[in-house]
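*Asks:* Input start-v7.pdb, format and content: PDB, C-alpha atoms.
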```pdb
ATOM      1  CA  MET M 157      97.758  71.647  75.642
ATOM      2  CA  SER M 158     100.988  70.033  76.827
ATOM      3  CA  ARG M 159     102.451  70.909  80.192
ATOM      4  CA  SER M 160     105.461  72.712  78.681
ATOM      5  CA  LYS M 161     103.289  74.957  76.520
ATOM      6  CA  ALA M 162     100.883  75.589  79.381
ATOM      7  CA  LEU M 163     103.821  76.491  81.596
ATOM      8  CA  GLN M 164     105.177  78.907  78.976
ATOM      9  CA  TYR M 165     101.752  80.522  78.678
ATOM     10  CA  TYR M 166     101.582  80.889  82.462
ATOM     11  CA  ILE M 167     105.045  82.481  82.657
ATOM     12  CA  VAL M 168     104.231  84.974  79.899
ATOM     13  CA  SER M 169     100.905  85.872  81.515
ATOM     14  CA  ARG M 170     102.569  86.439  84.909
ATOM     15  CA  LEU M 171     105.205  88.665  83.311
ATOM     16  CA  LEU M 172     102.566  90.668  81.456
ATOM     17  CA  PHE M 173     100.548  91.068  84.652
ATOM     18  CA  ALA M 174     103.514  92.511  86.573
ATOM     19  CA  PRO M 175     103.279  96.071  85.106
ATOM     20  CA  LEU M 176      99.642  96.270  86.210
ATOM     21  CA  GLN M 177     100.647  95.277  89.728
ATOM     22  CA  LEU M 178     103.381  97.911  89.789
ATOM     23  CA  PHE M 179     100.999 100.539  88.395
ATOM     24  CA  THR M 180      98.541  99.759  91.198
ATOM     25  CA  ILE M 181     101.301 100.068  93.815
ATOM     26  CA  VAL M 182     102.464 103.390  92.350
ATOM     27  CA  THR M 183      98.934 104.807  92.349
ATOM     28  CA  ILE M 184      98.116 103.707  95.900
ATOM     29  CA  VAL M 185     101.414 105.025  97.284
ATOM     30  CA  PHE M 186     100.991 108.376  95.515
ATOM     31  CA  LEU M 187      97.424 108.891  96.715
ATOM     32  CA  LEU M 188      98.018 107.748 100.292
ATOM     33  CA  LEU M 189     100.975 110.089 100.729
ATOM     34  CA  ARG M 190      98.906 113.036  99.520
ATOM     35  CA  ALA M 191      96.058 112.044 101.825
ATOM     36  CA  THR M 192      98.229 112.172 104.956
ATOM     37  CA  SER M 193      98.278 115.264 107.106
ATOM     38  CA  GLY M 194     101.254 117.612 107.210
ATOM     39  CA  ASP M 195     103.126 119.735 104.703
ATOM     40  CA  PRO M 196     106.600 118.656 103.552
ATOM     41  CA  VAL M 197     107.568 122.299 103.094
ATOM     42  CA  ASP M 198     106.860 122.984 106.781
ATOM     43  CA  ALA M 199     108.951 119.948 107.706
ATOM     44  CA  ILE M 200     111.869 121.155 105.581
ATOM     45  CA  LEU M 201     111.828 124.911 106.241
ATOM     46  CA  GLY M 202     110.422 124.826 109.761
ATOM     47  CA  GLY M 203     107.827 127.082 111.302
ATOM     48  CA  ARG M 204     109.893 130.279 111.173
ATOM     49  CA  ALA M 205     109.941 130.638 107.376
ATOM     50  CA  SER M 206     107.564 133.218 105.933
ATOM     51  CA  GLU M 207     104.509 132.160 103.974
ATOM     52  CA  ALA M 208     105.944 133.774 100.835
ATOM     53  CA  VAL M 209     109.095 131.671 101.065
ATOM     54  CA  LYS M 210     107.027 128.528 101.674
ATOM     55  CA  GLN M 211     104.806 129.287  98.700
ATOM     56  CA  GLN M 212     107.841 129.853  96.482
ATOM     57  CA  TYR M 213     109.304 126.529  97.611
ATOM     58  CA  ARG M 214     106.012 124.705  96.958
ATOM     59  CA  GLU M 215     105.977 126.161  93.453
ATOM     60  CA  GLN M 216     109.566 125.075  92.914
ATOM     61  CA  LEU M 217     108.744 121.506  93.990
ATOM     62  CA  GLY M 218     105.502 121.412  92.008
ATOM     63  CA  LEU M 219     103.378 120.842  95.119
ATOM     64  CA  ASN M 220     101.026 123.712  94.212
ATOM     65  CA  ARG M 221      99.906 122.031  90.995
ATOM     66  CA  PRO M 222      96.661 120.033  90.747
ATOM     67  CA  LEU M 223      96.932 116.513  92.082
ATOM     68  CA  PHE M 224      96.211 114.936  88.695
ATOM     69  CA  ILE M 225      99.019 116.930  87.058
ATOM     70  CA  GLN M 226     101.422 115.884  89.830
ATOM     71  CA  TYR M 227     100.387 112.277  89.256
ATOM     72  CA  LEU M 228     100.946 112.446  85.488
ATOM     73  CA  ASN M 229     104.329 114.092  85.986
ATOM     74  CA  TYR M 230     105.323 111.407  88.449
ATOM     75  CA  LEU M 231     104.280 108.628  86.051
ATOM     76  CA  GLY M 232     106.340 110.295  83.341
ATOM     77  CA  ASP M 233     109.371 110.373  85.625
ATOM     78  CA  LEU M 234     108.910 106.696  86.503
ATOM     79  CA  LEU M 235     108.799 105.733  82.836
ATOM     80  CA  ARG M 236     112.278 107.290  82.595
ATOM     81  CA  PHE M 237     113.295 105.376  85.769
ATOM     82  CA  ASP M 238     113.581 108.662  87.630
ATOM     83  CA  LEU M 239     112.483 108.243  91.245
ATOM     84  CA  GLY M 240     112.967 111.915  92.012
ATOM     85  CA  THR M 241     115.134 113.945  94.335
ATOM     86  CA  SER M 242     115.053 113.839  98.114
ATOM     87  CA  LEU M 243     113.632 116.895  99.851
ATOM     88  CA  SER M 244     115.571 116.342 103.061
ATOM     89  CA  SER M 245     119.001 115.171 101.806
ATOM     90  CA  GLN M 246     120.252 118.331 100.090
ATOM     91  CA  GLY M 247     119.191 117.398  96.592
ATOM     92  CA  LYS M 248     120.446 113.802  96.646
ATOM     93  CA  SER M 249     118.599 111.583  94.183
ATOM     94  CA  VAL M 250     116.434 108.761  95.518
ATOM     95  CA  TRP M 251     118.493 106.286  93.492
ATOM     96  CA  ASN M 252     121.611 107.426  95.363
ATOM     97  CA  ILE M 253     119.833 106.924  98.676
ATOM     98  CA  ILE M 254     118.780 103.419  97.612
ATOM     99  CA  GLY M 255     122.293 102.572  96.466
ATOM    100  CA  GLN M 256     123.750 103.827  99.749
ATOM    101  CA  HIS M 257     121.399 102.062 102.168
ATOM    102  CA  PHE M 258     119.986  99.036 100.321
ATOM    103  CA  PRO M 259     123.070  96.755 100.734
ATOM    104  CA  ALA M 260     122.643  96.876 104.522
ATOM    105  CA  THR M 261     119.009  95.790 104.143
ATOM    106  CA  VAL M 262     120.005  92.996 101.751
ATOM    107  CA  GLU M 263     122.601  91.715 104.212
ATOM    108  CA  LEU M 264     120.082  91.721 107.042
ATOM    109  CA  ALA M 265     117.416  90.086 104.848
ATOM    110  CA  VAL M 266     119.681  87.292 103.587
ATOM    111  CA  PHE M 267     120.895  86.274 107.040
ATOM    112  CA  SER M 268     117.406  86.610 108.535
ATOM    113  CA  MET M 269     115.884  84.462 105.789
ATOM    114  CA  ALA M 270     118.573  81.822 106.347
ATOM    115  CA  VAL M 271     117.814  81.779 110.083
ATOM    116  CA  ALA M 272     114.058  81.629 109.457
ATOM    117  CA  PHE M 273     114.375  78.815 106.915
ATOM    118  CA  ILE M 274     116.740  76.651 108.960
ATOM    119  CA  VAL M 275     114.998  77.114 112.319
ATOM    120  CA  GLY M 276     111.508  76.733 110.841
ATOM    121  CA  ILE M 277     112.311  73.511 108.979
ATOM    122  CA  LEU M 278     114.190  71.958 111.912
ATOM    123  CA  VAL M 279     111.450  72.722 114.453
ATOM    124  CA  GLY M 280     108.673  71.757 112.036
ATOM    125  CA  THR M 281     110.357  68.460 111.126
ATOM    126  CA  LEU M 282     111.064  67.591 114.758
ATOM    127  CA  SER M 283     107.460  68.374 115.716
ATOM    128  CA  ALA M 284     105.836  66.455 112.848
ATOM    129  CA  SER M 285     108.046  63.373 113.214
ATOM    130  CA  ARG M 286     107.016  62.946 116.876
ATOM    131  CA  PRO M 287     103.246  63.479 116.934
ATOM    132  CA  GLY M 288     101.512  63.584 120.298
ATOM    133  CA  THR M 289     104.730  64.160 122.228
ATOM    134  CA  SER M 290     106.144  67.166 124.027
ATOM    135  CA  PHE M 291     108.141  67.945 120.859
ATOM    136  CA  ASP M 292     104.890  68.262 118.921
ATOM    137  CA  LEU M 293     103.373  70.540 121.561
ATOM    138  CA  GLY M 294     106.536  72.608 121.762
ATOM    139  CA  GLY M 295     106.600  72.993 117.978
ATOM    140  CA  ARG M 296     103.021  74.235 117.894
ATOM    141  CA  LEU M 297     103.676  76.698 120.698
ATOM    142  CA  PHE M 298     106.832  77.883 118.952
ATOM    143  CA  GLY M 299     104.946  78.557 115.712
ATOM    144  CA  ILE M 300     102.162  80.473 117.430
ATOM    145  CA  ILE M 301     104.396  82.529 119.734
ATOM    146  CA  THR M 302     106.952  83.546 117.108
ATOM    147  CA  TYR M 303     104.205  84.497 114.662
ATOM    148  CA  ALA M 304     102.313  86.554 117.258
ATOM    149  CA  LEU M 305     105.165  88.413 118.986
ATOM    150  CA  PRO M 306     105.491  92.075 117.937
ATOM    151  CA  MET M 307     108.773  92.601 116.129
ATOM    152  CA  PHE M 308     109.713  95.843 117.853
ATOM    153  CA  TRP M 309     108.932  94.483 121.343
ATOM    154  CA  ALA M 310     110.944  91.310 120.827
ATOM    155  CA  GLY M 311     113.834  93.327 119.401
ATOM    156  CA  MET M 312     113.966  95.709 122.352
ATOM    157  CA  LEU M 313     113.681  92.810 124.814
ATOM    158  CA  LEU M 314     116.557  90.913 123.208
ATOM    159  CA  GLN M 315     118.613  94.095 123.132
ATOM    160  CA  LEU M 316     118.086  94.595 126.856
ATOM    161  CA  ILE M 317     119.053  90.983 127.615
ATOM    162  CA  PHE M 318     121.911  90.221 125.222
ATOM    163  CA  SER M 319     123.338  93.712 124.627
ATOM    164  CA  VAL M 320     122.722  95.719 127.776
ATOM    165  CA  GLN M 321     122.656  93.075 130.513
ATOM    166  CA  LEU M 322     124.948  90.343 129.165
ATOM    167  CA  GLY M 323     126.999  92.434 126.737
ATOM    168  CA  TRP M 324     127.263  89.580 124.243
ATOM    169  CA  PHE M 325     126.262  91.571 121.163
ATOM    170  CA  PRO M 326     126.456  95.223 120.066
ATOM    171  CA  ASN M 327     123.073  96.914 119.951
ATOM    172  CA  SER M 328     123.447  99.130 116.871
ATOM    173  CA  ASN M 329     125.229  99.797 113.564
ATOM    174  CA  ARG M 330     127.043  97.477 111.178
ATOM    175  CA  LEU M 331     130.538  98.091 112.550
ATOM    176  CA  PRO M 332     132.120  99.884 115.522
ATOM    177  CA  SER M 333     132.617 103.615 114.961
ATOM    178  CA  ASN M 334     136.411 103.275 115.138
ATOM    179  CA  ILE M 335     136.615 100.656 112.345
ATOM    180  CA  ASP M 336     136.439 101.579 108.674
ATOM    181  CA  PRO M 337     134.162  99.467 106.460
ATOM    182  CA  PRO M 338     135.744  97.246 103.800
ATOM    183  CA  VAL M 339     136.315  98.641 100.327
ATOM    184  CA  SER M 340     132.925  98.277  98.681
ATOM    185  CA  ILE M 341     132.495  95.542  96.093
ATOM    186  CA  THR M 342     128.979  94.334  96.792
ATOM    187  CA  GLY M 343     128.085  96.655  99.688
ATOM    188  CA  LEU M 344     127.694  93.643 101.987
ATOM    189  CA  TYR M 345     130.279  94.002 104.750
ATOM    190  CA  THR M 346     130.489  90.284 105.477
ATOM    191  CA  LEU M 347     131.019  89.347 101.836
ATOM    192  CA  ASP M 348     133.315  92.282 101.015
ATOM    193  CA  SER M 349     135.557  91.536 103.986
ATOM    194  CA  LEU M 350     135.883  87.914 102.844
ATOM    195  CA  LEU M 351     136.617  88.976  99.264
ATOM    196  CA  ARG M 352     139.338  91.281 100.607
ATOM    197  CA  GLY M 353     140.753  88.501 102.797
ATOM    198  CA  ASN M 354     140.084  90.372 106.029
ATOM    199  CA  PHE M 355     138.744  87.602 108.262
ATOM    200  CA  ASP M 356     138.838  89.711 111.445
ATOM    201  CA  LEU M 357     136.594  92.324 109.844
ATOM    202  CA  PHE M 358     134.278  89.540 108.667
ATOM    203  CA  LEU M 359     133.870  88.280 112.243
ATOM    204  CA  THR M 360     133.295  91.824 113.504
ATOM    205  CA  SER M 361     130.612  92.564 110.920
ATOM    206  CA  LEU M 362     129.021  89.164 111.550
ATOM    207  CA  HIS M 363     129.006  89.915 115.285
ATOM    208  CA  HIS M 364     127.082  93.150 114.660
ATOM    209  CA  LEU M 365     124.718  91.391 112.258
ATOM    210  CA  ALA M 366     123.966  88.441 114.527
ATOM    211  CA  LEU M 367     121.398  89.850 116.965
ATOM    212  CA  PRO M 368     119.146  91.738 114.501
ATOM    213  CA  SER M 369     119.189  88.897 111.964
ATOM    214  CA  ILE M 370     118.479  86.238 114.611
ATOM    215  CA  THR M 371     115.655  88.351 116.016
ATOM    216  CA  LEU M 372     113.989  88.862 112.645
ATOM    217  CA  GLY M 373     114.723  85.325 111.466
ATOM    218  CA  VAL M 374     113.355  83.547 114.542
ATOM    219  CA  LEU M 375     110.149  85.591 114.499
ATOM    220  CA  LEU M 376     109.600  84.751 110.826
ATOM    221  CA  SER M 377     110.541  81.084 111.289
ATOM    222  CA  GLY M 378     107.104  80.361 112.759
ATOM    223  CA  ILE M 379     105.638  80.649 109.245
ATOM    224  CA  PHE M 380     107.924  77.910 107.925
ATOM    225  CA  GLU M 381     107.456  75.784 111.040
ATOM    226  CA  ARG M 382     103.688  75.679 110.705
ATOM    227  CA  ILE M 383     103.752  74.905 106.984
ATOM    228  CA  VAL M 384     106.363  72.160 107.353
ATOM    229  CA  ARG M 385     104.700  70.582 110.410
ATOM    230  CA  VAL M 386     101.229  70.401 108.836
ATOM    231  CA  ASN M 387     102.399  69.131 105.425
ATOM    232  CA  LEU M 388     104.924  66.696 106.837
ATOM    233  CA  LYS M 389     102.291  65.135 109.099
ATOM    234  CA  GLN M 390     100.055  64.572 106.074
ATOM    235  CA  THR M 391     102.931  63.269 103.961
ATOM    236  CA  LEU M 392     103.971  60.732 106.627
ATOM    237  CA  LYS M 393     100.487  59.200 106.323
ATOM    238  CA  ALA M 394     100.685  58.816 102.529
ATOM    239  CA  ASP M 395     100.546  55.413 100.856
ATOM    240  CA  TYR M 396     104.052  55.592  99.395
ATOM    241  CA  VAL M 397     105.466  56.241 102.870
ATOM    242  CA  GLU M 398     103.641  53.190 104.235
ATOM    243  CA  ALA M 399     105.011  51.185 101.316
ATOM    244  CA  ALA M 400     108.533  52.359 102.140
ATOM    245  CA  ARG M 401     108.044  51.263 105.745
ATOM    246  CA  ALA M 402     106.805  47.862 104.538
ATOM    247  CA  ARG M 403     110.037  47.442 102.555
ATOM    248  CA  GLY M 404     111.998  47.894 105.763
ATOM    249  CA  ILE M 405     113.442  51.346 105.025
ATOM    250  CA  SER M 406     114.499  53.143 108.193
ATOM    251  CA  GLU M 407     112.341  55.970 109.564
ATOM    252  CA  ASN M 408     115.129  58.525 109.245
ATOM    253  CA  LYS M 409     115.666  57.718 105.560
ATOM    254  CA  ILE M 410     111.918  57.841 104.926
ATOM    255  CA  LEU M 411     111.709  61.183 106.668
ATOM    256  CA  VAL M 412     114.641  62.821 104.871
ATOM    257  CA  SER M 413     114.596  61.163 101.439
ATOM    258  CA  HIS M 414     110.863  60.706 100.869
ATOM    259  CA  ALA M 415     108.505  62.678 103.088
ATOM    260  CA  LEU M 416     110.443  65.882 103.691
ATOM    261  CA  LYS M 417     111.069  66.540  99.991
ATOM    262  CA  ASN M 418     107.354  66.582  99.213
ATOM    263  CA  ALA M 419     106.500  68.462 102.396
ATOM    264  CA  LEU M 420     108.864  71.282 101.381
ATOM    265  CA  ILE M 421     107.047  71.994  98.095
ATOM    266  CA  PRO M 422     104.456  74.311  99.745
ATOM    267  CA  VAL M 423     107.323  76.120 101.494
ATOM    268  CA  ILE M 424     108.477  77.435  98.125
ATOM    269  CA  THR M 425     105.098  79.082  97.646
ATOM    270  CA  VAL M 426     105.263  80.638 101.097
ATOM    271  CA  LEU M 427     108.716  82.068 100.371
ATOM    272  CA  GLY M 428     107.213  84.927  98.387
ATOM    273  CA  LEU M 429     104.839  85.906 101.185
ATOM    274  CA  THR M 430     107.617  85.552 103.736
ATOM    275  CA  PHE M 431     109.838  87.821 101.673
ATOM    276  CA  ALA M 432     107.175  90.529 101.792
ATOM    277  CA  SER M 433     106.888  90.049 105.555
ATOM    278  CA  LEU M 434     110.674  90.212 105.747
ATOM    279  CA  LEU M 435     110.730  93.696 104.213
ATOM    280  CA  GLY M 436     107.977  94.848 106.568
ATOM    281  CA  GLY M 437     109.776  93.371 109.552
ATOM    282  CA  ALA M 438     113.039  94.920 108.390
ATOM    283  CA  VAL M 439     111.604  98.399 108.991
ATOM    284  CA  LEU M 440     110.915  97.668 112.650
ATOM    285  CA  THR M 441     114.137  95.691 113.097
ATOM    286  CA  GLU M 442     116.359  98.341 111.513
ATOM    287  CA  VAL M 443     114.769 101.121 113.548
ATOM    288  CA  THR M 444     115.014  99.109 116.778
ATOM    289  CA  PHE M 445     118.663  98.145 116.214
ATOM    290  CA  SER M 446     119.680 101.441 114.516
ATOM    291  CA  TRP M 447     120.653  99.402 111.474
ATOM    292  CA  PRO M 448     121.586 101.823 108.650
ATOM    293  CA  GLY M 449     119.533 100.101 105.982
ATOM    294  CA  LEU M 450     117.001 101.329 103.458
ATOM    295  CA  ALA M 451     114.061 100.461 105.709
ATOM    296  CA  ASN M 452     115.467 102.690 108.442
ATOM    297  CA  ARG M 453     116.003 105.447 105.877
ATOM    298  CA  LEU M 454     112.372 105.034 104.818
ATOM    299  CA  TYR M 455     111.272 105.548 108.425
ATOM    300  CA  GLN M 456     113.300 108.765 108.571
ATOM    301  CA  ALA M 457     111.809 109.976 105.292
ATOM    302  CA  ILE M 458     108.296 109.356 106.608
ATOM    303  CA  SER M 459     109.100 111.368 109.737
ATOM    304  CA  GLU M 460     110.433 114.216 107.570
ATOM    305  CA  ARG M 461     107.495 114.030 105.110
ATOM    306  CA  ASP M 462     109.991 113.528 102.300
ATOM    307  CA  TYR M 463     107.486 112.545  99.577
ATOM    308  CA  PRO M 464     109.943 111.637  96.784
ATOM    309  CA  THR M 465     112.074 109.418  99.028
ATOM    310  CA  VAL M 466     109.068 107.651 100.560
ATOM    311  CA  GLN M 467     107.475 107.115  97.147
ATOM    312  CA  GLY M 468     110.702 105.928  95.567
ATOM    313  CA  VAL M 469     111.639 103.504  98.332
ATOM    314  CA  LEU M 470     108.122 102.036  98.594
ATOM    315  CA  ILE M 471     107.919 101.546  94.840
ATOM    316  CA  PHE M 472     111.386  99.993  94.875
ATOM    317  CA  PHE M 473     110.299  97.590  97.624
ATOM    318  CA  GLY M 474     107.060  96.903  95.738
ATOM    319  CA  ALA M 475     109.000  96.025  92.585
ATOM    320  CA  ILE M 476     111.150  93.617  94.593
ATOM    321  CA  VAL M 477     108.104  91.894  96.109
ATOM    322  CA  VAL M 478     106.381  91.610  92.706
ATOM    323  CA  SER M 479     109.552  90.197  91.133
ATOM    324  CA  ALA M 480     110.030  87.741  93.998
ATOM    325  CA  SER M 481     106.400  86.638  93.739
ATOM    326  CA  ILE M 482     106.739  85.961  90.007
ATOM    327  CA  LEU M 483     110.007  84.087  90.511
ATOM    328  CA  ILE M 484     108.519  81.929  93.278
ATOM    329  CA  ASP M 485     105.439  81.118  91.178
ATOM    330  CA  ILE M 486     107.581  80.065  88.225
ATOM    331  CA  LEU M 487     109.923  78.040  90.449
ATOM    332  CA  ASN M 488     106.963  76.348  92.121
ATOM    333  CA  ALA M 489     105.491  75.449  88.734
ATOM    334  CA  TYR M 490     108.734  73.761  87.717
ATOM    335  CA  VAL M 491     109.273  71.972  91.036
ATOM    336  CA  ASP M 492     105.756  70.585  91.514
ATOM    337  CA  PRO M 493     104.757  68.403  88.532
ATOM    338  CA  ARG M 494     101.182  68.128  89.859
ATOM    339  CA  ILE M 495     100.450  71.769  89.020
ATOM    340  CA  ARG M 496      98.561  72.343  85.768
ATOM    341  CA  TYR M 497      97.881  75.671  84.092
TER     342      TYR M 497
END
```
Written as structure tokens, how would this file's structure read?

*Replies:*
Amino acid sequence: MSRSKALQYYIVSRLLFAPLQLFTIVTIVFLLLRATSGDPVDAILGGRASEAVKQQYREQLGLNRPLFIQYLNYLGDLLRFDLGTSLSSQGKSVWNIIGQHFPATVELAVFSMAVAFIVGILVGTLSASRPGTSFDLGGRLFGIITYALPMFWAGMLLQLIFSVQLGWFPNSNRLPSNIDPPVSITGLYTLDSLLRGNFDLFLTSLHHLALPSITLGVLLSGIFERIVRVNLKQTLKADYVEAARARGISENKILVSHALKNALIPVITVLGLTFASLLGGAVLTEVTFSWPGLANRLYQAISERDYPTVQGVLIFFGAIVVSASILIDILNAYVDPRIRY
């Protein structure tokens, strides 16, 4: 089988496998939420409501039905792309909640990923190109420390230093309370302000975005740093690199034009895993910095035992991770000609 046909077969098989992955995520989320302690009706109505009123509300929400029937009904709703209605937001649909809060999470994720990618590659390249030096030791320490630091602890520490003590950055929200957001085009304040030609608002929104995105990005950059450092060290010992040195090519050109390109191939594979970590880290980052994103809204829904919102948001995140994983696998197959399927 030729490589092109094998690659087409692989892409089709990955796409066909995606529904099974989503079905597994849906089932696990549904069962785990029902296994947790607490009653959403108590969380909504409070302890003062009578048992008759609570029972009537459970019947209205379908929570008194057998678990299997609830599961089948939920699968039927998902097949119609209906994620349900929030229990704690006065009947607002979960899709409306996602549409309202997801752009803030996207903005945080994009800037954080850019920080993680740039910092990780720079530190990893600097460490690998100077083996046995203090740069190499510093790079290894950087990778270990950033990977091991708890996200919420680092976020609170940086808030205390740069927001409270130094006053360099705001410690919450996307914009000051006295400034109206830009007219929504994409939902991303930085991009919308540029599209509207409001450069001052762009700088203000970027100022609010800086600390949470740098915090999340630097802590995730350790993943890229370790991958780049290890693979670049191996690549610099390859025969074609030695041949380039023998031809008198400068070390900088060898590093950038030859070794680094091949060392970055495994980074593409890691992008999918990092994206999943990014969504998990976004929950802690958004809560710590009071960032009004979807991850923060998920945390609130968990606290309020809002089953439909929690289920809908988790499945939405799961679909994003599955889609990103498939895209990264396909991209990696095209980029790396050594891969055979």

*Asks:* Find the residues around stretch 288-304 of chain M up to 8 Å (all atoms listed in the file counted), leave out those fewer than 5 positions away in its own chain, and share them as a list in words.

*Replies:*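 Contacts, with the query itself left out: Val279, Gly280, Leu282, Ser283, Val374, Leu375, Leu376, Ser377, Gly378, Ile379, Glu381 and Arg382 of chain M.
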
*Asks:* Can you list, as a ChimeraX atom specification, the residues that the PyMOL selection byres ((chain M and resi 392) around 12) selects here?

*Replies:* /M:281,284-287,384-391,393-401,407-408,410-419

*Asks:* I'd like a table as a Markdown table: residues in stretch 274-384 of chain M with an atom no more than 10 Å from stretch 442-463 of chain M, each row giving the shortest atom pair and its distance in Å to one decimal, only C-alpha atoms counted, sorted by chain and rising residue number.

*Replies:*
```
| residue | atom | partner | partner_atom | distance |
| --- | --- | --- | --- | --- |
| M:Met307 | CA | M:Thr444 | CA | 9.0 |
| M:Phe308 | CA | M:Thr444 | CA | 6.3 |
| M:Trp309 | CA | M:Thr444 | CA | 8.9 |
| M:Ala310 | CA | M:Thr444 | CA | 9.7 |
| M:Gly311 | CA | M:Thr444 | CA | 6.5 |
| M:Met312 | CA | M:Thr444 | CA | 6.6 |
| M:Gln315 | CA | M:Phe445 | CA | 8.0 |
| M:Pro326 | CA | M:Phe445 | CA | 9.2 |
| M:Asn327 | CA | M:Phe445 | CA | 5.9 |
| M:Ser328 | CA | M:Phe445 | CA | 4.9 |
| M:Asn329 | CA | M:Trp447 | CA | 5.0 |
| M:Arg330 | CA | M:Trp447 | CA | 6.7 |
| M:His364 | CA | M:Trp447 | CA | 9.5 |
| M:Leu365 | CA | M:Trp447 | CA | 9.0 |
| M:Leu367 | CA | M:Phe445 | CA | 8.8 |
| M:Pro368 | CA | M:Phe445 | CA | 6.6 |
| M:Ser369 | CA | M:Glu442 | CA | 9.9 |
| M:Leu372 | CA | M:Glu442 | CA | 9.8 |
```

*Asks:* Just checking: using only C-alpha atoms, which residue out of M:Ile254, M:Leu313, M:Val275, M:Ala208 ends up closest to M:Thr465?

*Replies:* M:Ile254

*Asks:* So the first atom is atom CA of M:Ile274 and the second is atom CA of M:Leu314; what is the distance between them in Å, to one decimal place?

*Replies:*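 Going from atom CA of M:Ile274 over to atom CA of M:Leu314 covers 20.2 Å.
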
*Asks:* For a test of reading the model, state the distance in Å between atom CA of M:Val339 and atom CA of M:Leu243, rounded to one decimal.

*Replies:* 29.1 Å

*Asks:* Could you name the residues that touch M:Leu331 at 12 Å or less, counting only C-alpha atoms, but leaving out those on the same chain fewer than 3 positions away, as JSON, numbers by chain?

*Replies:* {"M": [260, 325, 326, 327, 328, 334, 335, 336, 337, 338, 344, 345, 346, 349, 356, 357, 358, 359, 360, 361, 362, 363, 364, 365, 366, 446, 447, 448]}

*Asks:* Go ahead and compute the interatomic distance for atom CA of M:Val185 and atom CA of M:Ser249, in Å to one decimal.

*Replies:*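 These atoms are spaced 18.7 Å apart.
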
*Asks:* Report the residues retrieved by the PyMOL selection byres ((chain M and resi 222-234) around 10) from the displayed file, expressed as a list in words.

*Replies:*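 Output from the PyMOL selection byres ((chain M and resi 222-234) around 10), applied to this file: Phe179, Val182, Thr183, Phe186, Leu187, Arg190, Gly218, Leu219, Asn220, Arg221, Leu235, Arg236, Phe237, Asp238, Leu239, Gly240, Pro464, Gln467, Gly468 and Ile471 of chain M.
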
*Asks:* Run the PyMOL selection byres ((chain M and resi 268) around 7) on the file and write out the hits as a short mmCIF file (atom, residue, chain, number, x, y, z; two decimals) with C-alpha atoms, in the frame of the given file.

*Replies:*
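File written: selection03.cif
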```
data_model
loop_
_atom_site.label_atom_id
_atom_site.label_comp_id
_atom_site.auth_asym_id
_atom_site.auth_seq_id
_atom_site.Cartn_x
_atom_site.Cartn_y
_atom_site.Cartn_z
CA LEU M 264 120.08 91.72 107.04
CA ALA M 265 117.42 90.09 104.85
CA VAL M 266 119.68 87.29 103.59
CA PHE M 267 120.90 86.27 107.04
CA MET M 269 115.88 84.46 105.79
CA ALA M 270 118.57 81.82 106.35
CA VAL M 271 117.81 81.78 110.08
CA ALA M 272 114.06 81.63 109.46
CA SER M 369 119.19 88.90 111.96
CA ILE M 370 118.48 86.24 114.61
CA LEU M 372 113.99 88.86 112.64
CA GLY M 373 114.72 85.32 111.47
#
```

*Asks:* Around all the atoms of stretch 404-408 of chain M listed in the file, with 3 Å of room on each side, what axis-aligned box do you get, giving centre and edge lengths in Å to one decimal, as JSON?

*Replies:*
```
{"center_x": 113.6, "center_y": 53.2, "center_z": 107.3, "size_x": 9.1, "size_y": 16.6, "size_z": 10.5}
```

*Asks:* Tell me which protein, DNA and RNA residues are within 12 Å of stretch 475-482 of chain M, counting all atoms listed in the file, leaving out same-chain ones fewer than 5 positions away, and put them as a PyMOL selection string.

*Replies:* chain M and resi 166-182+258+262+424-436+468-470+487-489
